[in-house]
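Everything below concerns the one structure shown next.
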Amino acid sequence: MDSEGLTNYFNKLYDKVDIYDNNITLLTNQFLSPIANAAPAFYRYYITDTIKTGTPYLVELSFFPRNKNDFLFQGKLYITLDGQYAVQSVKMKVSEDINLNFVRDLNIELDFEKDNLNKYYLSRSALGIDFGLTSKGKGVKGNRVVYYKDYVNGKARPDSIYEGEEVELAIKPVP
């Protein structure tokens with residue numbers, strides 16, 4: 001086993017996943033986000049549930065790739081019905097029919113909460129990747145979960161933070 005190559009794959013667990021980007025880069029591949037501008041041409045969407053157990057009310061939107069061999073996701077989006085139509089949660093995975101070089105499974109879960117200005121921010125990000133040389137048998141599974149809490153938006157800072165002498169740095173070119 002090439003331990004350096006395996007380390008490079010495990011470092012991919014720390015890649016940032018932003019559902020609001022048009023393209024999501026994972027494992028050196030670009031996947032089209034299910035909420036990208038061009039997504040309706042590549043995904044099929046179905047309203048599978050409405051959730052009224054809390055506020056805001058949510059709609060569960062299931063999505064699938066139109067072509068199961070494309071680098072796309074399948075899963076569920078939970079969209080708020082409070083007028084902002086923000087993503088409150090997403091659970092998605094890659095299609096089993098695409099070739100991701102030793103990756104048998106890849107799952108993503110993102111959760112969003114409101115901040116002090118009533119805007120949504122990422123509160124939890126989970127990424128799970130199952131690596132293996134064959135479709136069955138031994139492999140290695142990695143999971144990464146990151147929590148963000150006590151997020152404050154728009155906090156006024158005192159002017160004293162910006163006071164002081166100007167600093168100029170001269171960067172010399174490398175010969």
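Ordered as shown in the structure tokens, chains take letters A, B, and onward, while each chain numbers its residues from 1 and ligands are numbered from 1 in the order shown.
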
Show me, as an mmCIF file with N, CA and C atoms, in the first residue's frame, the residues that have an atom within 8 Å of A:Arg66 when counting only C-alpha atoms, minus same-chain residues fewer than 6 positions from it.
data_model
loop_
_atom_site.group_PDB
_atom_site.id
_atom_site.type_symbol
_atom_site.label_atom_id
_atom_site.label_comp_id
_atom_site.auth_asym_id
_atom_site.auth_seq_id
_atom_site.Cartn_x
_atom_site.Cartn_y
_atom_site.Cartn_z
ATOM 1 N N PHE A 42 -29.847 18.966 -15.304
ATOM 2 C CA PHE A 42 -29.116 17.746 -14.991
ATOM 3 C C PHE A 42 -29.758 16.900 -13.897
ATOM 4 N N TYR A 43 -30.633 17.493 -13.110
ATOM 5 C CA TYR A 43 -31.277 16.787 -12.006
ATOM 6 C C TYR A 43 -32.779 16.681 -12.226
ATOM 7 N N ARG A 44 -33.388 15.633 -11.633
ATOM 8 C CA ARG A 44 -34.837 15.514 -11.524
ATOM 9 C C ARG A 44 -35.199 15.818 -10.076
#

Do a neighbour search on stretch 139-154 of chain A at 10 Å with only C-alpha atoms, toss out local chain neighbours closer than 4 positions, and write the hits as JSON, numbers by chain. {"A": [6, 9, 10, 11, 12, 13, 14, 15, 102, 103, 104, 105, 106, 107, 108, 109, 110, 111, 112, 113, 114, 115, 116, 117, 118, 119, 121, 122, 123, 124, 125, 126, 127, 128, 129, 130, 131, 132, 133, 134, 135]}

Quick one: write out the picked residues with C-alpha atoms as a tab-separated table (two decimals), in the first residue's frame?
chain	number	residue	atom	x	y	z
A	6	LEU	CA	-3.63	6.99	1.12
A	9	TYR	CA	-7.05	10.62	-0.09
A	10	PHE	CA	-7.75	11.04	3.63
A	11	ASN	CA	-6.82	14.72	3.38
A	12	LYS	CA	-9.78	15.03	0.99
A	13	LEU	CA	-12.02	14.53	4.03
A	14	TYR	CA	-11.14	18.11	4.97
A	15	ASP	CA	-12.34	19.62	1.69
A	102	PHE	CA	-11.06	3.59	-5.06
A	103	VAL	CA	-14.08	5.39	-3.54
A	104	ARG	CA	-16.98	3.03	-2.90
A	105	ASP	CA	-19.26	5.52	-1.17
A	106	LEU	CA	-19.34	9.26	-0.44
A	107	ASN	CA	-21.97	10.91	1.82
A	108	ILE	CA	-22.48	14.56	2.68
A	109	GLU	CA	-24.74	16.11	5.32
A	110	LEU	CA	-25.03	19.86	5.89
A	111	ASP	CA	-27.20	21.64	8.46
A	112	PHE	CA	-27.91	25.37	8.67
A	113	GLU	CA	-29.21	27.57	11.50
A	114	LYS	CA	-30.24	31.22	11.79
A	115	ASP	CA	-27.83	33.78	13.24
A	116	ASN	CA	-28.56	36.97	15.18
A	117	LEU	CA	-29.54	38.79	11.94
A	118	ASN	CA	-31.99	36.05	10.89
A	119	LYS	CA	-29.69	34.76	8.13
A	121	TYR	CA	-25.19	29.91	8.31
A	122	LEU	CA	-23.59	26.47	8.19
A	123	SER	CA	-23.87	24.89	11.65
A	124	ARG	CA	-22.82	21.30	10.88
A	125	SER	CA	-20.89	19.70	8.05
A	126	ALA	CA	-20.35	15.94	7.78
A	127	LEU	CA	-18.44	14.11	5.05
A	128	GLY	CA	-17.98	10.35	4.91
A	129	ILE	CA	-15.87	8.50	2.35
A	130	ASP	CA	-15.46	4.73	2.01
A	131	PHE	CA	-12.20	3.80	0.27
A	132	GLY	CA	-11.55	0.32	-1.10
A	133	LEU	CA	-9.65	-1.45	-3.84
A	134	THR	CA	-12.61	-3.67	-4.69
A	135	SER	CA	-16.37	-3.18	-4.58

Per-residue DSSP, stretch 102-163 of chain A, filtered to helix (DSSP H, G or I), as a list in words: Asp159, Ser160, Ile161 and Tyr162 of chain A

Stretch 21-110 of chain A: which residues are strand (DSSP E) by DSSP, as a PyMOL selection string? chain A and resi 23-26+29-32+43-51+58-65+73-80+87-94+103-110

Which residues are near stretch 81-83 of chain A? Cut-off 8 Å, only C-alpha atoms, ignore same chain within fewer than 6 positions. Put them as a list in words.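 Residues meeting the cut-off are Pro56, Tyr57, Leu58 and Val59 of chain A.
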
For those residues, write N, CA and C atoms to a file as an mmCIF file, in the first residue's frame.
data_model
loop_
_atom_site.group_PDB
_atom_site.id
_atom_site.type_symbol
_atom_site.label_atom_id
_atom_site.label_comp_id
_atom_site.auth_asym_id
_atom_site.auth_seq_id
_atom_site.Cartn_x
_atom_site.Cartn_y
_atom_site.Cartn_z
ATOM 1 N N PRO A 56 -39.245 27.288 10.907
ATOM 2 C CA PRO A 56 -40.199 27.454 9.818
ATOM 3 C C PRO A 56 -40.624 26.103 9.237
ATOM 4 N N TYR A 57 -41.763 26.119 8.544
ATOM 5 C CA TYR A 57 -42.171 24.920 7.836
ATOM 6 C C TYR A 57 -41.140 24.616 6.760
ATOM 7 N N LEU A 58 -41.017 23.327 6.448
ATOM 8 C CA LEU A 58 -40.022 22.894 5.467
ATOM 9 C C LEU A 58 -40.688 22.079 4.366
ATOM 10 N N VAL A 59 -40.067 22.080 3.204
ATOM 11 C CA VAL A 59 -40.452 21.174 2.139
ATOM 12 C C VAL A 59 -39.261 20.253 1.884
#

For A:Ser95: contacts at 8 Å, only C-alpha atoms, fewer than 2 positions along chain excluded, given as an MDAnalysis selection string: chainID A and resid 68:69 71:74 93 97:98

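We find atom CA of A:Asp49 and atom CA of A:Asp70 to be spaced 26.3 Å apart.
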